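Engineer: Structure: run-v6.tsv, TSV, C-alpha atoms.
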```tsv
chain	number	residue	atom	x	y	z
A	29	MET	CA	-27.68	2.97	76.41
A	30	GLN	CA	-27.26	6.05	74.27
A	31	GLN	CA	-23.64	7.11	74.01
A	32	LYS	CA	-22.81	10.71	74.93
A	33	LEU	CA	-20.35	12.85	73.04
A	34	PHE	CA	-17.46	13.32	75.44
A	35	PHE	CA	-16.29	16.77	74.29
A	36	LEU	CA	-19.72	18.48	74.48
A	37	SER	CA	-20.48	17.13	77.96
A	38	HIS	CA	-17.08	17.74	79.53
A	39	PRO	CA	-17.70	18.92	83.16
A	40	SER	CA	-14.85	21.43	83.18
A	41	ILE	CA	-16.48	23.59	80.51
A	42	PRO	CA	-18.88	26.27	81.89
A	43	LYS	CA	-22.47	25.99	80.77
A	44	LYS	CA	-22.40	29.27	78.80
A	45	VAL	CA	-19.21	28.30	77.03
A	46	ASN	CA	-20.60	24.81	76.51
A	47	HIS	CA	-23.54	26.30	74.58
A	48	LEU	CA	-21.18	28.36	72.46
A	49	PHE	CA	-19.21	25.22	71.68
A	50	ILE	CA	-22.41	23.47	70.69
A	51	ILE	CA	-23.46	26.27	68.33
A	52	PHE	CA	-19.99	26.59	66.83
A	53	SER	CA	-19.61	22.85	66.41
A	54	LEU	CA	-22.98	22.49	64.72
A	55	PHE	CA	-22.09	25.35	62.37
A	56	LEU	CA	-18.71	23.81	61.55
A	57	THR	CA	-20.24	20.37	61.09
A	58	SER	CA	-22.84	21.73	58.68
A	59	ILE	CA	-20.16	23.35	56.53
A	60	VAL	CA	-17.98	20.24	56.46
A	61	GLY	CA	-20.98	18.03	55.84
A	62	TYR	CA	-22.11	20.19	52.95
A	63	TYR	CA	-18.81	19.86	51.12
A	64	ILE	CA	-18.56	16.16	51.82
A	65	LEU	CA	-22.06	15.36	50.67
A	66	ARG	CA	-22.38	17.94	47.92
A	67	PRO	CA	-21.26	15.71	45.01
A	68	PHE	CA	-24.03	13.27	45.80
A	69	GLU	CA	-26.93	15.73	46.13
A	70	PRO	CA	-29.39	15.61	43.23
A	71	THR	CA	-29.35	19.40	42.96
A	72	SER	CA	-25.58	19.53	42.66
A	73	LEU	CA	-25.53	16.72	40.11
A	74	PHE	CA	-27.39	18.94	37.68
A	75	ASN	CA	-25.77	22.22	38.61
A	76	ILE	CA	-23.78	22.71	35.41
A	77	GLY	CA	-22.63	26.28	36.16
A	78	PHE	CA	-21.05	27.06	32.78
A	79	LEU	CA	-20.03	30.59	33.79
A	80	LEU	CA	-18.15	29.53	36.89
A	81	SER	CA	-14.40	30.07	36.51
A	82	ILE	CA	-11.85	28.28	38.70
A	83	PRO	CA	-8.26	28.31	37.43
A	84	PRO	CA	-6.65	24.87	37.12
A	85	LYS	CA	-3.95	23.97	39.58
A	86	LYS	CA	-0.85	21.80	39.41
A	87	LEU	CA	-2.18	19.09	41.68
A	88	PRO	CA	-1.63	15.35	41.94
A	89	PRO	CA	-4.61	13.30	40.75
A	90	ASN	CA	-7.28	12.49	43.30
A	91	PRO	CA	-7.77	8.69	43.33
A	92	ALA	CA	-11.40	9.10	44.46
A	93	CYS	CA	-12.37	11.70	41.88
A	94	ASP	CA	-14.51	11.07	38.82
A	95	TYR	CA	-12.82	13.42	36.37
A	96	SER	CA	-15.36	12.60	33.66
A	97	PHE	CA	-18.24	14.36	35.44
A	98	GLY	CA	-18.37	18.13	35.79
A	99	ARG	CA	-19.01	21.25	33.74
A	100	TRP	CA	-17.40	23.45	31.11
A	101	THR	CA	-16.19	26.83	32.40
A	102	PHE	CA	-15.46	29.90	30.32
A	103	ASP	CA	-12.68	32.31	31.19
A	104	GLU	CA	-11.24	34.81	28.72
A	105	SER	CA	-8.37	35.52	31.10
A	106	GLN	CA	-7.10	31.96	31.15
A	107	PRO	CA	-3.84	31.28	29.28
A	108	PRO	CA	-4.18	30.35	25.61
A	109	ARG	CA	-4.01	26.73	24.55
A	110	ALA	CA	-0.57	25.16	24.73
A	111	TYR	CA	-0.36	25.07	20.94
A	112	SER	CA	-2.00	26.81	18.00
A	113	GLU	CA	-3.22	25.88	14.54
A	114	ASN	CA	0.33	26.54	13.38
A	115	CYS	CA	1.40	23.24	14.89
A	116	PRO	CA	2.94	21.47	11.86
A	117	PHE	CA	1.42	18.12	12.80
A	118	LEU	CA	-2.23	19.11	12.30
A	119	ASP	CA	-4.38	17.90	9.44
A	120	PRO	CA	-5.80	20.87	7.45
A	121	GLY	CA	-9.33	19.65	8.16
A	122	PHE	CA	-8.90	20.37	11.88
A	123	ARG	CA	-7.55	23.93	11.43
A	124	CYS	CA	-10.93	25.60	11.75
A	125	GLN	CA	-9.71	29.18	12.12
A	126	GLN	CA	-7.54	28.94	9.01
A	127	ASN	CA	-10.53	27.43	7.21
A	128	GLY	CA	-12.67	30.48	7.91
A	129	ARG	CA	-14.10	30.14	11.42
A	130	LYS	CA	-14.43	33.59	13.01
A	131	ASN	CA	-15.73	32.77	16.49
A	132	LEU	CA	-12.85	31.33	18.53
A	133	ASP	CA	-14.60	31.11	21.90
A	134	TYR	CA	-14.62	27.32	21.54
A	135	GLN	CA	-10.93	27.42	22.53
A	136	LYS	CA	-11.64	29.20	25.83
A	137	TRP	CA	-13.77	26.59	27.54
A	138	ARG	CA	-12.09	24.44	30.17
A	139	TRP	CA	-13.37	21.23	31.77
A	140	GLN	CA	-13.93	21.47	35.53
A	141	PRO	CA	-14.64	18.17	37.30
A	142	GLN	CA	-17.47	18.24	39.81
A	143	SER	CA	-15.62	17.64	43.07
A	144	CYS	CA	-11.92	18.14	42.32
A	145	ASP	CA	-9.50	19.90	40.00
A	146	LEU	CA	-7.95	18.42	36.89
A	147	PRO	CA	-4.14	18.38	37.15
A	148	ARG	CA	-2.53	20.80	34.72
A	149	PHE	CA	-1.14	19.07	31.64
A	150	ASP	CA	2.66	19.06	31.85
A	151	ALA	CA	4.19	18.20	28.48
A	152	LYS	CA	7.74	17.85	29.80
A	153	ASP	CA	6.64	15.57	32.61
A	154	PHE	CA	4.60	13.44	30.18
A	155	LEU	CA	7.61	13.16	27.88
A	156	GLU	CA	9.96	12.24	30.72
A	157	ARG	CA	7.57	9.57	31.97
A	158	SER	CA	7.38	8.16	28.43
A	159	ARG	CA	11.09	8.40	27.60
A	160	ASN	CA	12.31	5.39	25.55
A	161	GLY	CA	8.71	4.29	25.09
A	162	ARG	CA	5.85	3.96	22.62
A	163	ILE	CA	2.40	5.55	22.78
A	164	VAL	CA	-0.02	4.02	20.28
A	165	PHE	CA	-3.45	5.13	19.07
A	166	ALA	CA	-5.45	2.54	17.13
A	167	GLY	CA	-8.86	2.98	15.56
A	168	ASP	CA	-10.96	5.40	13.57
A	169	SER	CA	-10.40	9.02	12.50
A	170	ILE	CA	-11.66	10.34	15.83
A	171	GLY	CA	-8.68	8.53	17.30
A	172	ARG	CA	-6.52	10.34	14.77
A	173	ASN	CA	-8.07	13.61	16.00
A	174	GLN	CA	-6.88	12.75	19.51
A	175	TRP	CA	-3.48	11.54	18.28
A	176	GLU	CA	-2.76	14.82	16.47
A	177	SER	CA	-3.85	16.74	19.54
A	178	LEU	CA	-1.43	14.82	21.77
A	179	VAL	CA	1.47	15.19	19.33
A	180	CYS	CA	0.98	18.98	19.33
A	181	MET	CA	0.54	19.11	23.12
A	182	LEU	CA	3.73	17.10	23.70
A	183	ALA	CA	5.65	19.16	21.15
A	184	GLN	CA	5.43	22.10	23.56
A	185	GLY	CA	7.76	20.25	25.90
A	186	VAL	CA	10.51	19.84	23.29
A	187	SER	CA	13.27	22.43	23.06
A	188	ASN	CA	13.85	21.91	19.33
A	189	GLN	CA	10.71	20.92	17.41
A	190	SER	CA	12.75	20.06	14.32
A	191	THR	CA	13.72	16.91	16.22
A	192	ILE	CA	10.10	15.68	15.91
A	193	TYR	CA	9.49	13.87	12.64
A	194	GLU	CA	7.51	11.06	10.99
A	195	GLU	CA	9.79	8.03	11.12
A	196	ASN	CA	8.98	6.78	7.61
A	197	GLY	CA	8.92	10.19	5.92
A	198	ASN	CA	5.15	10.00	5.33
A	199	PRO	CA	3.09	13.18	5.07
A	200	ILE	CA	0.41	13.57	7.73
A	201	THR	CA	-2.22	15.03	5.41
A	202	LYS	CA	-4.69	12.46	4.06
A	203	HIS	CA	-2.32	9.62	4.83
A	204	LYS	CA	-3.94	6.24	5.31
A	205	GLY	CA	-2.35	3.33	7.08
A	206	PHE	CA	-0.12	4.21	10.00
A	207	LEU	CA	2.03	7.12	11.12
A	208	SER	CA	4.77	7.22	13.73
A	209	MET	CA	5.99	10.54	15.13
A	210	LYS	CA	9.46	10.33	16.64
A	211	PHE	CA	10.35	12.61	19.56
A	212	GLN	CA	14.09	12.25	19.14
A	213	GLU	CA	15.11	14.05	22.34
A	214	PHE	CA	13.17	11.49	24.37
A	215	ASN	CA	13.54	8.43	22.13
A	216	LEU	CA	9.74	8.28	22.11
A	217	THR	CA	7.30	7.43	19.33
A	218	VAL	CA	3.64	8.47	19.28
A	219	GLU	CA	1.94	6.28	16.69
A	220	TYR	CA	-1.43	6.10	14.94
A	221	TYR	CA	-2.86	3.03	13.18
A	222	ARG	CA	-5.92	3.55	11.05
A	223	MET	CA	-8.42	0.71	11.47
A	224	PRO	CA	-11.99	2.07	11.66
A	225	TYR	CA	-13.48	-1.24	12.83
A	226	LEU	CA	-10.46	-2.67	14.74
A	227	VAL	CA	-11.22	-5.88	12.85
A	228	ILE	CA	-10.49	-6.93	9.26
A	229	THR	CA	-12.43	-5.65	6.25
A	230	ASP	CA	-12.23	-8.00	3.28
A	231	ARG	CA	-13.61	-9.02	-0.09
A	232	PRO	CA	-16.76	-11.14	-0.20
A	233	PRO	CA	-16.14	-14.88	0.10
A	234	PRO	CA	-17.01	-17.15	-2.84
A	235	ASN	CA	-20.72	-17.67	-3.42
A	236	ALA	CA	-21.70	-14.65	-1.30
A	237	PRO	CA	-25.01	-12.99	-2.29
A	238	LYS	CA	-24.61	-10.41	-5.04
A	239	GLU	CA	-25.55	-7.49	-2.78
A	240	VAL	CA	-22.45	-8.18	-0.64
A	241	LYS	CA	-19.76	-5.78	-1.86
A	242	GLY	CA	-17.45	-6.37	1.06
A	243	VAL	CA	-17.34	-8.00	4.47
A	244	ILE	CA	-16.32	-6.98	7.99
A	245	ARG	CA	-14.80	-10.01	9.65
A	246	ILE	CA	-15.95	-9.44	13.20
A	247	ASP	CA	-14.11	-12.49	14.57
A	248	ARG	CA	-10.66	-11.50	13.27
A	249	LEU	CA	-8.60	-8.68	14.74
A	250	HIS	CA	-6.96	-6.31	12.26
A	251	TRP	CA	-3.48	-7.43	11.19
A	252	TYR	CA	-1.99	-4.22	12.63
A	253	PHE	CA	-2.33	-5.83	16.06
A	254	ALA	CA	1.22	-7.17	15.70
A	255	LYS	CA	2.47	-3.58	15.64
A	256	TRP	CA	0.84	-2.80	19.00
A	257	LEU	CA	3.00	-5.36	20.78
A	258	GLY	CA	5.54	-3.77	23.06
A	259	SER	CA	3.74	-0.43	23.34
A	260	ASP	CA	3.65	1.27	26.73
A	261	VAL	CA	0.38	3.14	26.29
A	262	LEU	CA	-2.30	1.89	23.88
A	263	VAL	CA	-5.46	3.93	23.21
A	264	PHE	CA	-8.36	2.40	21.27
A	265	SER	CA	-11.01	4.43	19.45
A	266	ALA	CA	-13.95	2.70	17.78
A	267	GLY	CA	-17.67	2.96	17.22
A	268	HIS	CA	-18.19	5.67	14.61
A	269	TRP	CA	-18.16	3.35	11.63
A	270	TRP	CA	-20.55	0.91	13.24
A	271	ASN	CA	-23.77	2.23	11.73
A	272	GLN	CA	-26.10	1.13	8.96
A	273	ASP	CA	-24.83	3.73	6.45
A	274	LYS	CA	-21.20	2.65	6.62
A	275	THR	CA	-21.95	-1.07	6.76
A	276	ILE	CA	-25.09	-2.70	5.41
A	277	LYS	CA	-26.38	0.21	3.32
A	278	SER	CA	-23.01	0.43	1.59
A	279	GLY	CA	-23.05	-3.31	0.87
A	280	HIS	CA	-20.69	-4.34	3.68
A	281	TYR	CA	-22.04	-7.23	5.73
A	282	PHE	CA	-20.66	-9.11	8.72
A	283	GLN	CA	-18.75	-12.34	8.45
A	284	GLU	CA	-17.92	-14.90	11.14
A	285	GLY	CA	-15.79	-17.83	10.04
A	286	GLU	CA	-16.88	-18.58	6.47
A	287	HIS	CA	-20.45	-17.44	7.01
A	288	VAL	CA	-21.78	-14.03	5.96
A	289	ASN	CA	-24.66	-12.98	8.21
A	290	MET	CA	-27.20	-11.07	6.13
A	291	THR	CA	-29.47	-10.14	9.05
A	292	MET	CA	-27.11	-9.02	11.83
A	293	ASP	CA	-27.40	-5.31	12.64
A	294	ALA	CA	-24.44	-2.98	13.14
A	295	MET	CA	-24.66	-2.70	16.93
A	296	GLU	CA	-24.74	-6.44	17.48
A	297	ALA	CA	-21.81	-6.77	15.09
A	298	PHE	CA	-19.89	-4.12	17.05
A	299	ARG	CA	-20.51	-5.99	20.30
A	300	ARG	CA	-19.19	-9.22	18.79
A	301	SER	CA	-16.21	-7.46	17.19
A	302	LEU	CA	-14.86	-6.73	20.67
A	303	ASP	CA	-14.45	-10.46	21.39
A	304	PRO	CA	-11.18	-10.93	19.44
A	305	LEU	CA	-9.80	-7.83	21.16
A	306	LYS	CA	-10.62	-9.36	24.55
A	307	VAL	CA	-8.82	-12.54	23.50
A	308	TRP	CA	-5.77	-10.54	22.37
A	309	VAL	CA	-5.62	-8.71	25.71
A	310	ALA	CA	-5.88	-11.98	27.65
A	311	GLN	CA	-3.13	-13.61	25.58
A	312	ASN	CA	-0.76	-10.66	25.94
A	313	SER	CA	-1.40	-9.72	29.55
A	314	GLU	CA	1.49	-11.72	30.96
A	315	ASN	CA	4.16	-9.19	30.02
A	316	GLY	CA	2.37	-6.65	32.26
A	317	LYS	CA	3.79	-3.77	30.26
A	318	THR	CA	1.11	-2.13	28.14
A	319	ASN	CA	-1.37	0.27	29.74
A	320	ILE	CA	-4.53	-0.02	27.63
A	321	PHE	CA	-7.19	2.67	27.40
A	322	PHE	CA	-10.44	2.30	25.50
A	323	ARG	CA	-11.86	5.76	24.95
A	324	SER	CA	-15.62	6.02	25.04
A	325	TYR	CA	-17.77	7.13	22.13
A	326	SER	CA	-17.35	10.70	20.87
A	327	PRO	CA	-20.82	12.24	20.26
A	328	VAL	CA	-21.80	13.80	16.95
A	329	HIS	CA	-23.98	16.90	16.77
A	330	PHE	CA	-25.86	16.90	13.49
A	331	ARG	CA	-29.09	18.85	13.87
A	332	ASP	CA	-32.20	18.61	11.67
A	333	GLY	CA	-30.84	15.71	9.67
A	334	GLU	CA	-28.12	13.09	9.43
A	335	TRP	CA	-24.69	13.83	8.00
A	336	ASN	CA	-25.86	12.99	4.46
A	337	LYS	CA	-29.31	14.55	4.79
A	338	GLY	CA	-28.59	18.19	5.49
A	339	GLY	CA	-27.57	17.89	9.13
A	340	TYR	CA	-25.64	20.90	10.44
A	341	CYS	CA	-23.85	22.25	13.52
A	342	ASN	CA	-22.43	25.58	12.31
A	343	ILE	CA	-24.84	27.76	14.30
A	344	SER	CA	-23.56	26.57	17.71
A	345	LYS	CA	-21.32	29.14	19.41
A	346	GLU	CA	-21.10	27.71	22.93
A	347	PRO	CA	-21.58	24.43	24.79
A	348	GLU	CA	-25.08	23.09	25.37
A	349	THR	CA	-26.70	24.39	28.55
A	350	ASP	CA	-30.03	22.57	28.31
A	351	LEU	CA	-29.64	19.14	29.90
A	352	SER	CA	-32.84	17.94	28.25
A	353	LYS	CA	-31.14	18.24	24.87
A	354	LEU	CA	-28.29	15.90	25.75
A	355	GLU	CA	-28.44	12.52	24.06
A	356	SER	CA	-28.84	9.37	26.13
A	357	GLU	CA	-25.93	7.03	26.76
A	358	PRO	CA	-24.94	5.50	23.40
A	359	LEU	CA	-25.17	1.74	23.14
A	360	ASN	CA	-21.55	1.69	21.97
A	361	ASN	CA	-20.43	2.73	25.45
A	362	LEU	CA	-22.30	-0.07	27.17
A	363	PHE	CA	-20.54	-2.61	24.97
A	364	ILE	CA	-17.13	-0.96	25.40
A	365	HIS	CA	-17.52	-0.68	29.17
A	366	GLU	CA	-18.57	-4.31	29.48
A	367	ALA	CA	-15.63	-5.41	27.32
A	368	VAL	CA	-13.22	-3.43	29.50
A	369	LYS	CA	-14.61	-5.08	32.63
A	370	GLU	CA	-13.97	-8.50	31.09
A	371	MET	CA	-10.47	-7.49	29.99
A	372	ARG	CA	-9.66	-6.38	33.53
A	373	ASN	CA	-10.16	-9.97	34.63
A	374	ALA	CA	-6.96	-10.69	32.70
A	375	THR	CA	-5.05	-7.53	33.58
A	376	LYS	CA	-5.75	-4.44	35.68
A	377	ARG	CA	-3.84	-2.37	33.14
A	378	VAL	CA	-7.00	-1.94	31.05
A	379	HIS	CA	-8.96	1.28	31.60
A	380	PHE	CA	-12.18	2.86	30.36
A	381	LEU	CA	-11.42	6.48	29.37
A	382	ASN	CA	-14.82	8.07	29.77
A	383	THR	CA	-15.06	11.23	27.63
A	384	THR	CA	-18.63	10.97	26.32
A	385	TYR	CA	-20.45	13.09	28.91
A	386	LEU	CA	-18.06	16.04	28.74
A	387	THR	CA	-17.99	15.85	24.94
A	388	GLU	CA	-21.78	15.70	24.58
A	389	PHE	CA	-22.00	19.36	25.65
A	390	ARG	CA	-19.56	20.57	22.98
A	391	LYS	CA	-21.79	21.07	19.97
A	392	ASP	CA	-19.72	24.21	19.30
A	393	GLY	CA	-16.40	22.45	18.78
A	394	HIS	CA	-16.76	20.83	15.34
A	395	PRO	CA	-15.30	22.01	12.02
A	396	SER	CA	-18.92	22.18	10.72
A	397	SER	CA	-18.91	24.22	7.49
A	398	ASN	CA	-15.28	25.29	7.93
A	399	ARG	CA	-13.85	22.49	5.84
A	400	GLU	CA	-10.34	22.35	4.46
A	401	PRO	CA	-9.50	24.05	1.15
A	402	GLY	CA	-10.64	22.07	-1.87
A	403	THR	CA	-13.72	20.64	-0.19
A	404	PRO	CA	-16.74	20.90	-2.55
A	405	ALA	CA	-19.25	23.55	-1.54
A	406	GLU	CA	-22.03	20.97	-1.42
A	407	ALA	CA	-20.09	18.63	0.89
A	408	PRO	CA	-21.78	17.75	4.21
A	409	GLN	CA	-20.79	19.65	7.31
A	410	ASP	CA	-18.35	17.93	9.63
A	411	CYS	CA	-20.12	17.55	12.97
A	412	SER	CA	-18.16	14.45	13.98
A	413	HIS	CA	-14.51	15.52	14.15
A	414	TRP	CA	-13.14	18.34	16.29
A	415	CYS	CA	-11.34	21.60	15.70
A	416	LEU	CA	-7.79	21.67	17.04
A	417	PRO	CA	-6.87	23.10	19.44
A	418	GLY	CA	-10.13	21.97	20.98
A	419	VAL	CA	-12.07	19.23	22.74
A	420	PRO	CA	-9.59	16.34	22.14
A	421	ASP	CA	-7.04	18.31	24.18
A	422	THR	CA	-9.27	17.68	27.19
A	423	TRP	CA	-9.39	13.95	26.38
A	424	ASN	CA	-5.59	13.97	26.52
A	425	GLU	CA	-5.63	15.88	29.80
A	426	LEU	CA	-7.77	13.06	31.20
A	427	LEU	CA	-5.41	10.48	29.69
A	428	TYR	CA	-2.45	12.20	31.35
A	429	THR	CA	-4.34	12.35	34.64
A	430	GLU	CA	-5.08	8.62	34.51
A	431	LEU	CA	-1.43	7.87	33.78
A	432	LEU	CA	-0.47	9.94	36.82
A	433	ARG	CA	-3.06	8.12	38.89
A	434	ILE	CA	-1.62	4.70	38.06
A	435	GLY	CA	1.96	5.94	38.51
A	436	PHE	CA	2.99	5.39	34.89
A	437	ARG	CA	6.67	5.78	34.12
A	438	LYS	CA	8.49	3.99	31.35
A	439	GLY	CA	11.65	2.25	32.50
A	440	PRO	CA	15.06	2.29	30.77
A	441	PRO	CA	15.28	0.74	27.25
```
Output the file's structure as structure tokens, nothing else.

Structural biologist:
Amino acid sequence: MQQKLFFLSHPSIPKKVNHLFIIFSLFLTSIVGYYILRPFEPTSLFNIGFLLSIPPKKLPPNPACDYSFGRWTFDESQPPRAYSENCPFLDPGFRCQQNGRKNLDYQKWRWQPQSCDLPRFDAKDFLERSRNGRIVFAGDSIGRNQWESLVCMLAQGVSNQSTIYEENGNPITKHKGFLSMKFQEFNLTVEYYRMPYLVITDRPPPNAPKEVKGVIRIDRLHWYFAKWLGSDVLVFSAGHWWNQDKTIKSGHYFQEGEHVNMTMDAMEAFRRSLDPLKVWVAQNSENGKTNIFFRSYSPVHFRDGEWNKGGYCNISKEPETDLSKLESEPLNNLFIHEAVKEMRNATKRVHFLNTTYLTEFRKDGHPSSNREPGTPAEAPQDCSHWCLPGVPDTWNELLYTELLRIGFRKGPP
């Protein structure tokens, strides 16, 4: 028997009024249904709407929202970025305006998720949640880009910025190794460890073929891993050095155990290099303290050539609007995502920070030809790193949102 809807067939409602109720209810249902189903409609999936402007709100994170999918919105009336290029913790190579860039519209685009709003970044709240803790970035120079962004964003929540300093007295500019910024008011360190491959690079073993100038030991995690122990938030960044130019073509081959593999390609080596990281996570998951994020691949935007073959990006003034020009999902992400899934079998504190899609649009956000002073005129354009303030600020807004979503708060020392 077909079930009747009780409200619409109630006998006490006159027939004329009953019809009005039916019409009104259908109208209301269509509106509600539209907004419920809208995120899943094919037309709305590709409705980028770059010119739409919705101011961000101070909202708690929506546990059902995919913050990585949405559109970039432009609004000249929105407040300026939380910090400027005068932030003392920025590398000169990321200060695009000071290096000659005239068009500053790249700083006025804001990420708007498809079906929800991104919580406003609150530096003081982030600092309070992290008080007495350690936030660690480990990986390549794109990770450093994000690290510098976060240091400058957090600095806006400190009453006296002279209380922020590098613990070992190291200069930020061109420093290799590791850096640790101390936020003295909050007894917090925000650290960066440079390890482009996350695994060890080494000299060739004895009796290696003469074309082997160095090896990447894909089965041995970098020795900095001991310094990650005890961190509260750990953000990995890897993938950019895993290409033929920076490995095999430069004479650096892949070693497992005592064997140098002369035929393995860079992507297969990258996939295998994640295995020791998975082991490390499994072995250190018992303390249940560290929240681990593996950020997805950050797209490059060289046009009409690779980085060393005349590729450029200095003519881009706004985000890409043609979806057909977006690159397909990089293989790096598939490997990273699969590794994160395996790590989550050991601990649910491992997360995939998906920033690739939103970053793919931002061909306008690179330093390009606006390189730091002293860079040779014939040097390639930089279409890999990002101007600051800029796109990495949004990555950190997503990081903050994810920390809110999991209820992160560092306990007492």

Engineer: Could you tell me, as number ranges by chain, which residues have any atom at most 10 Å from (-25.4, -9.2, 8.5), counting all atoms listed in the file?

Structural biologist: A: 240, 243-244, 275-276, 279-284, 287-294, 296-297

Engineer: If you count all atoms listed in the file, which residues fall within 12 Å of Ser352 of chain A, apart from same-chain ones fewer than 3 positions away, as a VMD selection string?

Structural biologist: chain A and resid 74 348 to 349 355 to 356 388 to 389

Engineer: Quick check, in Å to one decimal: how far apart do atom CA of Gly161 of chain A and atom CA of Leu249 of chain A lie?

Structural biologist: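 A separation of 24.0 Å between them.
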
Engineer: May I ask for the distance between atom CA of Thr318 of chain A and atom CA of Asn382 of chain A, given in Å to one decimal place?

Structural biologist: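 Interatomic distance, atom CA of Thr318 of chain A to atom CA of Asn382 of chain A: 19.0 Å.
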
Engineer: From the options A:Asp392, A:Asp168, A:Asp133, A:Asp247, which residue's atoms come nearest to Cys341 of chain A, counting all atoms listed in the file?

Structural biologist: A:Asp392
